[in-house]
$ cat my_file.txt   # compact mmCIF, C-alpha atoms and all ligand atoms
# COMPACT_ATOMS: atom_id res chain seq x y z
CA MET A 1 37.34 -26.43 34.87
CA ASN A 2 41.01 -25.88 34.01
CA GLU A 3 40.58 -25.68 30.25
CA THR A 4 43.84 -26.60 28.60
CA GLY A 5 42.66 -29.39 26.28
CA ARG A 6 40.63 -29.01 23.16
CA LEU A 7 37.30 -30.50 22.33
CA ILE A 8 36.66 -31.39 18.69
CA ILE A 9 33.25 -32.26 17.28
CA LEU A 10 33.20 -34.45 14.19
CA SER A 11 29.71 -34.78 12.91
CA GLY A 12 27.81 -35.36 9.77
CA PRO A 13 25.60 -38.05 8.28
CA SER A 14 25.91 -41.71 9.18
CA GLY A 15 28.05 -43.17 6.39
CA SER A 16 30.11 -40.01 5.90
CA GLY A 17 33.08 -41.86 7.37
CA LYS A 18 33.46 -40.23 10.81
CA THR A 19 34.49 -43.48 12.52
CA THR A 20 37.20 -44.25 9.95
CA LEU A 21 38.47 -40.66 10.09
CA CYS A 22 38.55 -40.83 13.87
CA LYS A 23 40.62 -44.03 13.78
CA GLN A 24 43.12 -42.39 11.42
CA LEU A 25 43.38 -39.27 13.58
CA MET A 26 43.92 -41.37 16.70
CA LYS A 27 47.18 -42.68 15.25
CA ASP A 28 48.52 -39.41 16.65
CA PRO A 29 49.06 -40.00 20.39
CA ARG A 30 47.78 -36.49 21.22
CA VAL A 31 44.33 -37.45 19.93
CA LYS A 32 41.76 -39.35 22.00
CA ARG A 33 38.08 -39.96 21.43
CA SER A 34 35.00 -40.14 23.56
CA VAL A 35 33.24 -43.51 23.87
CA SER A 36 29.51 -42.84 23.74
CA PHE A 37 26.67 -44.66 25.45
CA THR A 38 23.94 -46.03 23.22
CA THR A 39 20.80 -48.12 23.45
CA ARG A 40 21.16 -49.56 19.94
CA GLU A 41 22.28 -53.16 19.42
CA PRO A 42 25.98 -53.79 18.67
CA ARG A 43 26.71 -54.05 14.95
CA GLY A 44 29.18 -56.51 13.35
CA ARG A 45 32.40 -56.67 15.35
CA GLU A 46 31.64 -53.76 17.65
CA GLN A 47 32.88 -54.25 21.19
CA ASP A 48 31.22 -53.02 24.35
CA GLY A 49 33.38 -50.40 26.06
CA VAL A 50 35.48 -49.87 22.92
CA ASP A 51 33.12 -48.76 20.15
CA TYR A 52 30.28 -47.82 22.48
CA HIS A 53 29.00 -48.60 25.93
CA PHE A 54 25.90 -50.60 24.98
CA ILE A 55 23.22 -50.15 27.64
CA THR A 56 19.48 -50.55 28.16
CA ILE A 57 16.96 -47.73 27.68
CA ARG A 58 16.24 -47.88 31.40
CA ARG A 59 19.86 -47.34 32.33
CA PHE A 60 20.25 -44.59 29.73
CA GLU A 61 17.25 -42.74 31.14
CA ARG A 62 18.64 -43.08 34.66
CA LEU A 63 21.95 -41.57 33.49
CA ILE A 64 20.03 -38.65 31.92
CA LYS A 65 18.28 -38.01 35.26
CA GLU A 66 21.61 -38.17 37.10
CA GLY A 67 23.08 -35.52 34.76
CA LYS A 68 25.83 -37.82 33.52
CA PHE A 69 25.75 -36.67 29.88
CA LEU A 70 27.35 -33.64 28.28
CA GLU A 71 24.76 -34.13 25.54
CA TYR A 72 22.47 -36.85 24.32
CA ALA A 73 20.10 -37.32 21.42
CA GLU A 74 17.70 -39.76 19.88
CA TYR A 75 18.83 -40.97 16.46
CA CYS A 76 16.79 -43.37 14.28
CA GLY A 77 14.98 -44.79 17.31
CA SER A 78 17.93 -45.21 19.72
CA TYR A 79 19.54 -43.00 22.33
CA TYR A 80 23.16 -41.86 22.00
CA GLY A 81 25.01 -39.77 24.58
CA THR A 82 28.45 -38.40 25.48
CA PRO A 83 29.46 -39.06 29.09
CA LEU A 84 30.48 -35.83 30.79
CA GLU A 85 33.25 -37.09 33.08
CA PRO A 86 35.76 -38.25 30.40
CA VAL A 87 35.33 -34.91 28.60
CA GLU A 88 36.17 -32.96 31.77
CA GLU A 89 39.10 -35.27 32.41
CA ALA A 90 40.45 -34.93 28.84
CA ILE A 91 40.26 -31.13 28.96
CA LYS A 92 42.16 -31.15 32.26
CA GLU A 93 44.78 -33.49 30.81
CA GLY A 94 45.31 -31.20 27.81
CA GLU A 95 44.14 -33.78 25.28
CA LEU A 96 42.68 -33.27 21.84
CA PHE A 97 39.40 -35.04 22.48
CA ILE A 98 37.09 -35.99 19.61
CA LEU A 99 33.34 -36.36 19.90
CA ALA A 100 31.97 -38.18 16.83
CA ILE A 101 28.31 -37.30 17.30
CA ASP A 102 25.18 -36.40 15.35
CA VAL A 103 24.03 -32.87 14.56
CA LYS A 104 21.49 -32.67 17.42
CA GLY A 105 24.21 -33.52 19.93
CA ALA A 106 26.73 -31.22 18.24
CA LEU A 107 24.41 -28.22 18.56
CA GLN A 108 24.05 -28.89 22.30
CA VAL A 109 27.85 -29.05 22.78
CA MET A 110 28.45 -25.87 20.72
CA GLU A 111 26.05 -24.05 23.01
CA LYS A 112 27.50 -25.41 26.26
CA ILE A 113 31.18 -25.14 25.25
CA PRO A 114 31.46 -22.46 22.54
CA GLU A 115 35.26 -22.79 22.21
CA THR A 116 34.82 -26.32 20.77
CA THR A 117 36.16 -26.77 17.22
CA SER A 118 33.38 -28.22 15.08
CA ILE A 119 33.91 -30.05 11.80
CA PHE A 120 31.11 -31.27 9.54
CA ILE A 121 32.02 -34.35 7.48
CA MET A 122 30.21 -34.96 4.21
CA ALA A 123 30.19 -37.81 1.73
CA PRO A 124 30.74 -36.51 -1.84
CA ASP A 125 27.08 -37.16 -2.76
CA GLU A 126 24.00 -39.16 -1.74
CA GLY A 127 24.97 -42.11 -3.97
CA ALA A 128 28.32 -42.45 -2.21
CA LEU A 129 26.65 -42.15 1.20
CA ARG A 130 24.10 -44.88 0.41
CA LYS A 131 26.83 -47.14 -0.98
CA ARG A 132 28.90 -46.78 2.21
CA LEU A 133 25.87 -47.65 4.33
CA GLU A 134 25.08 -50.65 2.11
CA ASP A 135 28.70 -51.83 2.21
CA ARG A 136 28.43 -52.12 5.99
CA VAL A 137 25.93 -54.96 5.37
CA THR A 138 25.04 -54.91 9.04
CA ASP A 139 22.21 -52.39 8.56
CA SER A 140 18.76 -53.41 7.29
CA ALA A 141 17.27 -51.72 4.20
CA THR A 142 14.80 -49.84 6.44
CA ASP A 143 17.61 -48.64 8.65
CA ILE A 144 19.64 -47.48 5.63
CA ASN A 145 16.66 -45.51 4.28
CA LYS A 146 16.09 -43.87 7.68
CA ARG A 147 19.77 -42.89 7.83
CA VAL A 148 19.70 -41.41 4.31
CA GLU A 149 16.59 -39.39 5.24
CA GLU A 150 18.29 -38.21 8.43
CA ALA A 151 21.36 -37.22 6.35
CA GLU A 152 19.23 -34.81 4.30
CA ILE A 153 18.13 -33.07 7.49
CA GLU A 154 21.67 -33.02 8.92
CA LEU A 155 23.14 -31.46 5.75
CA LYS A 156 21.02 -28.37 6.34
CA TYR A 157 23.04 -27.65 9.49
CA ARG A 158 26.50 -27.73 7.95
CA ASP A 159 26.81 -23.92 8.02
CA ARG A 160 26.61 -24.02 11.82
CA TYR A 161 30.04 -25.71 11.94
CA ASP A 162 33.45 -24.02 11.96
CA HIS A 163 34.67 -26.25 9.10
CA CYS A 164 33.24 -28.56 6.48
CA VAL A 165 35.28 -31.43 5.01
CA VAL A 166 34.20 -33.61 2.08
CA ASN A 167 35.34 -37.17 2.70
CA ASP A 168 35.94 -38.45 -0.81
CA GLU A 169 39.56 -39.65 -0.60
CA LEU A 170 40.27 -40.73 2.97
CA GLU A 171 43.91 -39.53 3.00
CA VAL A 172 42.95 -36.09 1.70
CA ALA A 173 40.19 -35.70 4.29
CA VAL A 174 42.53 -36.82 7.09
CA SER A 175 45.17 -34.30 6.11
CA GLU A 176 42.56 -31.54 5.82
CA ILE A 177 41.38 -32.27 9.37
CA LYS A 178 44.97 -32.45 10.65
CA ASN A 179 45.58 -29.01 9.16
CA ILE A 180 42.50 -27.64 10.88
CA LEU A 181 43.67 -29.09 14.20
CA GLY A 182 47.27 -27.99 13.76
CA LEU A 183 48.50 -31.60 13.80
CA SER A 184 50.34 -31.62 10.47
P1 LIG B 1 25.78 -45.37 14.57
O1 LIG B 1 24.54 -46.09 14.95
O2 LIG B 1 26.01 -45.38 13.06
O3 LIG B 1 27.00 -45.83 15.32
O4 LIG B 1 25.58 -43.84 14.97
C1 LIG B 1 24.45 -43.14 14.53
C2 LIG B 1 24.70 -41.65 14.70
O5 LIG B 1 24.80 -41.33 16.09
C3 LIG B 1 25.99 -41.17 14.06
O6 LIG B 1 25.74 -39.94 13.41
C4 LIG B 1 26.90 -41.00 15.24
O7 LIG B 1 27.90 -40.02 15.01
C5 LIG B 1 25.94 -40.52 16.29
N1 LIG B 1 26.44 -40.66 17.66
C6 LIG B 1 27.32 -41.55 18.16
N2 LIG B 1 27.55 -41.32 19.44
C7 LIG B 1 26.82 -40.23 19.78
C8 LIG B 1 26.65 -39.48 20.98
O8 LIG B 1 27.22 -39.75 22.03
N3 LIG B 1 25.79 -38.45 20.93
C9 LIG B 1 25.12 -38.09 19.79
N4 LIG B 1 24.32 -37.03 19.84
N5 LIG B 1 25.26 -38.76 18.65
C10 LIG B 1 26.09 -39.82 18.64
$ encode --input "my_file.txt" --output "structure tokens"
Amino acid sequence: MNETGRLIILSGPSGSGKTTLCKQLMKDPRVKRSVSFTTREPRGREQDGVDYHFITIRRFERLIKEGKFLEYAEYCGSYYGTPLEPVEEAIKEGELFILAIDVKGALQVMEKIPETTSIFIMAPDEGALRKRLEDRVTDSATDINKRVEEAEIELKYRDRYDHCVVNDELEVAVSEIKNILGLS
């Protein structure tokens, strides 16, 4: 692989604001993001091929067998995975390529590609996290509770990341990440 691009992991609990941060960062034309595959149902206005590639469990498991993922993980009862090919392509093209993925997936990528820059995103506290999940209104109460529980586990891994950013004020968090990536 001709490694000229840079791979960036943004992870942290569901509700920490990774998707919003990603959208802000992508206003810079040098920044692109990976579109993951998932077996969960689309939420709200999510579009297939834009937010995720929504596929069946059967197809996901076939893609695992075919070695098509850089990493994949099970999160709250669904599969999520990063397709390998676009990552290889982005690195070749010299892009800044963001993977917004959970901690289990992040640990796999850090091991496979140690030169990846990893950033852990945190909500200011559990109350704020829960409120963000509730404000999405598309998640059921059970799903929200599962995600808050998962967040507690994920927080324990924040020291494994190169950087940790608290997403309280969106603009502040965006500029902190831009500084880390040398985009300011
Ligand atoms: P959501 O269902 O809220 O879109 O995502 C649930 C969790 O899965 C989030 O933490 C999100 O970052 C993570 N996720 C999204 N895509 C991937 C992926 O390709 N791989 C892994 N490991 N996690 C992912």
$ residues_near_ligand --input "my_file.txt" --ligand "ligand LIG 1 (chain B)" --cutoff "9 Å" --atoms "only C-alpha atoms and all ligand atoms" --output "short mmCIF file (atom, residue, chain, number, x, y, z; two decimals) with C-alpha atoms, in the frame of the given file"
data_model
loop_
_atom_site.label_atom_id
_atom_site.label_comp_id
_atom_site.auth_asym_id
_atom_site.auth_seq_id
_atom_site.Cartn_x
_atom_site.Cartn_y
_atom_site.Cartn_z
CA LEU A 10 33.20 -34.45 14.19
CA SER A 11 29.71 -34.78 12.91
CA GLY A 12 27.81 -35.36 9.77
CA PRO A 13 25.60 -38.05 8.28
CA SER A 14 25.91 -41.71 9.18
CA GLY A 15 28.05 -43.17 6.39
CA SER A 16 30.11 -40.01 5.90
CA LYS A 18 33.46 -40.23 10.81
CA THR A 19 34.49 -43.48 12.52
CA SER A 34 35.00 -40.14 23.56
CA VAL A 35 33.24 -43.51 23.87
CA SER A 36 29.51 -42.84 23.74
CA PHE A 37 26.67 -44.66 25.45
CA THR A 38 23.94 -46.03 23.22
CA ARG A 40 21.16 -49.56 19.94
CA GLU A 41 22.28 -53.16 19.42
CA PRO A 42 25.98 -53.79 18.67
CA ARG A 43 26.71 -54.05 14.95
CA ASP A 51 33.12 -48.76 20.15
CA TYR A 52 30.28 -47.82 22.48
CA PHE A 69 25.75 -36.67 29.88
CA LEU A 70 27.35 -33.64 28.28
CA GLU A 71 24.76 -34.13 25.54
CA TYR A 72 22.47 -36.85 24.32
CA ALA A 73 20.10 -37.32 21.42
CA GLU A 74 17.70 -39.76 19.88
CA TYR A 75 18.83 -40.97 16.46
CA CYS A 76 16.79 -43.37 14.28
CA SER A 78 17.93 -45.21 19.72
CA TYR A 79 19.54 -43.00 22.33
CA TYR A 80 23.16 -41.86 22.00
CA GLY A 81 25.01 -39.77 24.58
CA THR A 82 28.45 -38.40 25.48
CA PRO A 83 29.46 -39.06 29.09
CA LEU A 99 33.34 -36.36 19.90
CA ALA A 100 31.97 -38.18 16.83
CA ILE A 101 28.31 -37.30 17.30
CA ASP A 102 25.18 -36.40 15.35
CA VAL A 103 24.03 -32.87 14.56
CA LYS A 104 21.49 -32.67 17.42
CA GLY A 105 24.21 -33.52 19.93
CA ALA A 106 26.73 -31.22 18.24
CA LEU A 107 24.41 -28.22 18.56
CA GLN A 108 24.05 -28.89 22.30
CA ARG A 147 19.77 -42.89 7.83
CA ALA A 151 21.36 -37.22 6.35
#
$ atom_distance --input "my_file.txt" --atom1 "CA of Arg130 in chain A" --atom2 "CA of Glu152 in chain A"
11.8 Å
$ atom_distance --input "my_file.txt" --atom1 "CA of Glu89 in chain A" --atom2 "CA of Gly5 in chain A"
9.2 Å
$ atom_distance --input "my_file.txt" --atom1 "CA of Tyr161 in chain A" --atom2 "CA of Thr117 in chain A"
8.2 Å
$ closest_residue --input "my_file.txt" --among "A:Val87, A:Val174, A:Leu63, A:Leu7" --to "Met26 in chain A" --atoms "only C-alpha atoms"
A:Val174
$ axis_aligned_box --input "my_file.txt" --around "range 85-93 of chain A" --padding-each-side "4 Å" --output "JSON"
{"center_x": 39.0, "center_y": -34.7, "center_z": 30.8, "size_x": 19.5, "size_y": 15.1, "size_z": 12.5}
$ closest_residue --input "my_file.txt" --among "A:Glu85, A:Asp135, A:Glu169, A:Glu149" --to "Ala123 in chain A" --atoms "all atoms listed in the file"
A:Glu169
$ closest_residue --input "my_file.txt" --among "A:Leu129, A:Gly94, A:Ile57, A:Arg160" --to "Glu111 in chain A" --atoms "only C-alpha atoms"
A:Arg160
